[in-house]
Amino acid sequence: MDERASWPESSYMLARVSDALELSNFLYLKANVPDEDARDLELPPPIPRPGEPEPQPERQPEFSDAHELNSFFGRLNSA
């Protein structure tokens, strides 16, 4: 049996309404608080639903250190 069937349709609809309300509150606060406070606001996460994969956190970019950059540009100059 599919995990999504464990929730009745009304629960899915309530989860969508709840997510929409949280988003509405977020957007209202983002538009009506001072800029320095608005930067700290994070987008609210949606309510997890059964059968849907967990949201993956965003990967932080990896930056090269000075040694890696030096060897990279050194190989470009020697070619």
# chains A, B, ... in the order shown; residues from 1 in each chain; ligands from 1
call {"tool": "select_by_dssp", "arguments": {"residues": "chain A", "states": "alpha helix (DSSP H)", "output": "PDB file with C-alpha atoms, in the first residue's frame"}}
result
ATOM      1  CA  GLU A   9      -7.757  13.801   1.291  1.00  0.00           C
ATOM      2  CA  SER A  10      -8.978  16.312   3.895  1.00  0.00           C
ATOM      3  CA  SER A  11      -5.626  16.099   5.722  1.00  0.00           C
ATOM      4  CA  TYR A  12      -3.762  16.886   2.499  1.00  0.00           C
ATOM      5  CA  MET A  13      -6.032  19.867   1.927  1.00  0.00           C
ATOM      6  CA  LEU A  14      -5.490  21.098   5.496  1.00  0.00           C
ATOM      7  CA  ALA A  15      -1.721  20.756   5.047  1.00  0.00           C
ATOM      8  CA  ARG A  16      -1.904  22.857   1.862  1.00  0.00           C
ATOM      9  CA  VAL A  17      -3.994  25.506   3.628  1.00  0.00           C
ATOM     10  CA  SER A  18      -1.551  25.549   6.532  1.00  0.00           C
ATOM     11  CA  ASP A  19       1.431  25.909   4.177  1.00  0.00           C
ATOM     12  CA  ALA A  20      -0.313  28.733   2.309  1.00  0.00           C
ATOM     13  CA  LEU A  21      -1.106  30.529   5.570  1.00  0.00           C
ATOM     14  CA  GLU A  22       2.483  30.246   6.782  1.00  0.00           C
ATOM     15  CA  LEU A  23       3.737  31.558   3.434  1.00  0.00           C
ATOM     16  CA  SER A  24       1.251  34.430   3.595  1.00  0.00           C
ATOM     17  CA  ASN A  25       2.429  35.367   7.089  1.00  0.00           C
ATOM     18  CA  PHE A  26       6.058  35.151   5.961  1.00  0.00           C
ATOM     19  CA  LEU A  27       5.461  37.451   2.990  1.00  0.00           C
ATOM     20  CA  TYR A  28       3.509  39.920   5.130  1.00  0.00           C
ATOM     21  CA  LEU A  29       6.304  40.083   7.696  1.00  0.00           C
ATOM     22  CA  LYS A  30       8.973  40.324   4.991  1.00  0.00           C
ATOM     23  CA  ALA A  31       7.193  43.365   3.522  1.00  0.00           C
ATOM     24  CA  ASN A  32       6.337  45.108   6.801  1.00  0.00           C
ATOM     25  CA  ASP A  35      15.086  45.675   6.534  1.00  0.00           C
ATOM     26  CA  GLU A  36      17.591  44.582   9.188  1.00  0.00           C
ATOM     27  CA  ASP A  37      14.966  42.284  10.758  1.00  0.00           C
ATOM     28  CA  ALA A  38      13.652  41.031   7.402  1.00  0.00           C
ATOM     29  CA  ALA A  66      45.066  29.265  -2.600  1.00  0.00           C
ATOM     30  CA  HIS A  67      47.181  26.159  -3.307  1.00  0.00           C
ATOM     31  CA  GLU A  68      44.520  24.621  -5.570  1.00  0.00           C
ATOM     32  CA  LEU A  69      44.089  27.884  -7.477  1.00  0.00           C
ATOM     33  CA  ASN A  70      47.840  28.287  -7.871  1.00  0.00           C
ATOM     34  CA  SER A  71      48.249  24.768  -9.278  1.00  0.00           C
ATOM     35  CA  PHE A  72      45.236  25.229 -11.603  1.00  0.00           C
ATOM     36  CA  PHE A  73      46.519  28.482 -13.098  1.00  0.00           C
ATOM     37  CA  GLY A  74      50.042  27.073 -13.173  1.00  0.00           C
ATOM     38  CA  ARG A  75      48.874  24.209 -15.382  1.00  0.00           C
ATOM     39  CA  LEU A  76      47.128  26.711 -17.702  1.00  0.00           C
ATOM     40  CA  ASN A  77      50.308  28.761 -18.119  1.00  0.00           C
ATOM     41  CA  SER A  78      52.503  25.717 -18.808  1.00  0.00           C
TER      42      SER A  78
END
call {"tool": "atom_distance", "arguments": {"atom1": "CA of Gly51 in chain A", "atom2": "CA of Asp2 in chain A"}}
result
7.2 Å
